[in-house]
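A.B. asks: My questions all concern the structure below.
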Amino acid sequence: MEVDSEELPPKKAPAKGKATTTAKASAPKPKPKPKPKEEEVDEDQDKSKVKAKFKCVFTTSWAAAKAAKLAGPSAPGSKAVPQPASPDCLAGLAFVFTGELSSFSRDEAIELAKRFGGRVVGQPSSKTSYVVLGDNAGPAKLAAIKKHNLTTLTEDAFLELIATRVVAEKDLDEKTKKKREKEQKAIRDSAKEMEQREKAAAKASGPSAASGHKSADPTTQLWTDRYAPQALKEICGNKGQVEKLQTWLASWPVSLKSGFKKPGKDGSGIFRAVMITGPPGIGKTTSAHLCAKLAGFTPIELNASDARSKKLVENSTNIYNTSLDGWMGGAETINAAGIKITDKSVLIMDEVDGMSAGDRGGVGALSALIRKTKVPIICIANDRSAPKMKPLIQNTFNLPFRKPDAAAIRSRIMTIAFKEKMKIPANVVDELINGVNSDIRQVLNMLSTWKLSSSTMDFDEGKTLAKMNEKYSVMTPFNIIQKIMGPYLFSATARETLNEKMELYFHDYSFVPLFVQENYLKTNPARVRGLDGPPQLLKQLELMDQAASSISDGDLVDALIHGSEQHWTLMPTHAVLSTIRPASFLYGTGSGYGGPNAMSFPQWLGQNSKQNKLNRALGDVQIRMRLKVSGDKAEIRQSYIPSLFPHIVEPLIDVGSGAVEDVIERMDEYYISREDWDAVVELGLGDHKDEVVLKKIATATKTALTKKYNASEHPVPFHKAQDLGKIPKKLAGGPAPDLEEAFEAEDEGMEDADDDKKSVDPDDIKNDKLVRQGGGKKASAKSTAKGKASTSKASTSKASTSKASTSKAKK
Amino acid sequence: MLWVDQYRPKTLKDLHYHEGLSQRLKSLAASGDFPHMLFYGPSGAGKKTRIACTLRELFGPGVEKLKIDQRVFLTPSRKKLDVNIVQSNYHIELTPSEVGNYDRVVIQEILKEIAQTQQVDLNAKQRFKVVIINEADSLSRDAQAALRRTMEKYMSNMRIILCANSTSRLIAPIKSRCLLIRVAAPNHKEMKTVLEYVAQSARAGKIPDEAAEDIVRDSNGNMRKAILVFEALKMQTPDLSGPLSIAKPDWETYCHKVGDMILQEQTPQRVMDVRAKLYELLSHCIPPTIIIKTVAERVVQGVDESLKADIMHWAAIYENRMRIGSKKIYHLEAWVVKVMSLYKHFFYDMDMSGFEDGF
């Protein structure tokens, strides 16, 4: 299936740059015609020999001239990245990219800017140094450029800037310089501090090591342990939440004394436990331990490696804080779960969402525990919204931890790298952090592995490493649809392969096609750009047609996948037909969230369930009418309902209450019940639509219909088995009756009681005796419902229910 | 009661048209060697009426005492299915397609149950019971396969009458085991006879020729529709004189509205508006086939001669895809977009070569 002839531009292999580096470093040969999109290699200064590799054929002015000639169609990969004048030639500059460049994709251009030390921001502001302008720039950004009077660059000018700009120290403005120095100093300082701490630790553990108590040599420890934060200021990101945690812990003893009545400043005072939630690797556990230690608590940690069944949770946690173990048996006493108990402890329940089948009742026990605990409890989980967490949500204080951004982690990582004597530039660190979704732990692990082979890392190596350790995150369908239908995925400069596009479908293969179908018409297709008037409209209709027929193809494949034969191997085909291909025709700028053309949730789901519901209702109508009518469901809907409408609905509109009897007679002829009448109305369309029709019928008429129908007897074509089972349930005192109903029953009961006294029939007494027991139950139910029913009332209601049930029995 | 049900013929000799067919059914019923049968023909042609008449011929008036039972089945995956069964002492009638993909379970369970019990009533005219399977053309392949062997094995206790709109979706082995009986739609003359009979029975006076002509033309061979329309007209204008306006059913008017929308404007926004309307139709239980047919007929009325063939061609293609696929709206919408594109191109007299190839 042809997807898009333009969408697979010459692909650059990510590792290629590096490969050529090593291959050509020894024998640099001039290239007569530089391969389009040759990978820029290295900016590290000590690899000066590499520089020779690029025979820079393009003089910058020539490139500009060529670009001028190329104006018009985009020429993906037509320009090479020039040799930079210095490795961080863009240092201190802030860039904004807008519109579509002709040679580089947006991502590549951003990468270029970052590689050479530039900063890339999303929105232009007065602090932006340059705006790189491509085709079809967003109007908002153009307005901002005008407003702030910013310098704009074309793609070629941008390349030229890379090729020519030399950053002399003196060129850097004062601020940047200072900032840089400050950063450097901070890194050195903290590295020094770390070293001292390690030394101190080594000294302290020295003697105890001799006595057999082992404390690991820091150099043999994992980096994640070795460089775990020891002070609050070392925790990256989530400062506010950590502070909240601290205040909560600090005020815990006071809160306990007050019985958790005072909410305190942030409302945390009424909780006996907190729940920290957030993605892995952002320091949840570390923060919990650190805060506990700093507040003078001894953390007791239970994590997924401990069995946490109901019994163990109850027995091993010392929640009443009554343990004398520590005092009786010396400092080394441990309890049943192997945990050291002290007088001031905090329970850290790590990985609460990992409490699973083996820990039966664990979450329930934990929430029961929280309700009565006398020690603070910190629960840690990844996903707060998981159904398993429900019992905990109510009685814990919520502390959601967010992924810190690269800037928050960078200095910490740089410090560690500095201490480990690794040479890694800041932009590489950023790349690593972004590559793994700000998982600090993973960045450290990656670095410690890298250290084994090399102590430097350049931009490309960083990128490859991050790519190798890429963390898989599942996108939401809304984000996926924005990406698929957005202007970049299929643009001429996009570098995603077909497989990578299909990956998007596999994020959520049941929803993405539905989203595509719902939203594929909501873009301003990039392919009709440049056309105007009728040709544009015609082209767009043509594209829509292609997309719609592809979606139709996709559904045929879907029927094979989910049909009786279950051809799951066709999933990739379905991905292409239902998602990629339609998007490849109609991709373009949409209006994103909000706005009149916002991507919306697929209607199909709601409409489908509505169809099923009405279909069932129609089935009920059909089977009731079956004794008189030979038609099937479709015939009932298409012929009978429109024909019956003038007989059973219109009179109610035109005549009103007076027509009720006739209508009921008509309904009885076809065994149509009151509920079926509703179904008939609901099945109407257009002028017969239920909303329209019901508005026209007076409420009084409707109630008259209901009352009259319920009051009279009706022919029943059949009994449903379920109907028989319902009546005894009611007698057995099911749900408490409505107050209204109860009152009515009582009123009747008064009269009935009198009647009973007057006319005593042996049969009746017998009946009463039998039924009274049942009625008594109901009465008790009533009295509990009302809360203060006196005994006399109860007895009268008893009489009334007995009466009611005898009449029922007679029926 | 509506006339269409009130004056339904009860016996074979009361039937108004297809005399030869009635005759044949009568002799079949008398022969004692009654075969499995497959009644097929468009809706409103009188299939069920003929089946009922045949049963009466076989068993006598006892078959008219109907009762409805609701049976609960358990699927292998422990899902509960409710199936409504209409039965008399002599026959049983079921619609397995009610339960969608699980129709095989119903066929297996009920048929075997009936097939394995013999007729208990010694006074019964025939030794076998009759099973009527409605909407046989929407039986799944599995269900049809389940039917195959049962039809032969239990022939002594049971006869099957299948009722379908067309035989094209039935597998050949089933067709070969049945006596195929085509109940064609009545022609105009026959329909007029029936209308006159109804008018006479209902003491509605004579029906004017023009009115009858109008009704017959409007109902397109659907006898049921003709009588329903006749009664509706009679309610509106009791003497049936003057120019008659036959009221269209709600869904038809709605479909026509959709057709007009397609021709008024051809933009993405309009496609989405049409989509909303199509959803409305689908969710109110109008079969997608009927929708595409009605809308296409409406659209064709409003376009140039040279486009008509194309529009119908694509309607046929997408109707077919709808049957194969699962989400009907996708195909309906694809057709709508196709029509819009065709129309717009025609409007601007553009090159249409792009539409030649394809399916």
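Following the order of the structure tokens, first chain is A, next is B, and so on, with residues numbered from 1 inside each chain and ligands from 1 in the order they appear.
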Write out as an MDAnalysis selection string every residue belonging to chain B that has an atom at most 7 Å from any atom of chain A, counting only C-alpha atoms.
C.D. replies: chainID B and resid 1 5 48 66:70 225 228 249:251 254 268 279 282:285 324:327 330:331 334 337:338 341 344:345
A.B. asks: Apply DSSP to the structure's backbone, then extract all residues of range 213-297 of chain A labelled alpha helix (DSSP H) and return them as a ChimeraX atom specification.
C.D. replies: /A:223-226,239-250,252-257,284-294
A.B. asks: So how far away is CA of Lys10 in chain B from CA of Val130 in chain B, in Å?
C.D. replies: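 One can read the CA of Val130 in chain B to CA of Lys10 in chain B distance as 17.7 Å.
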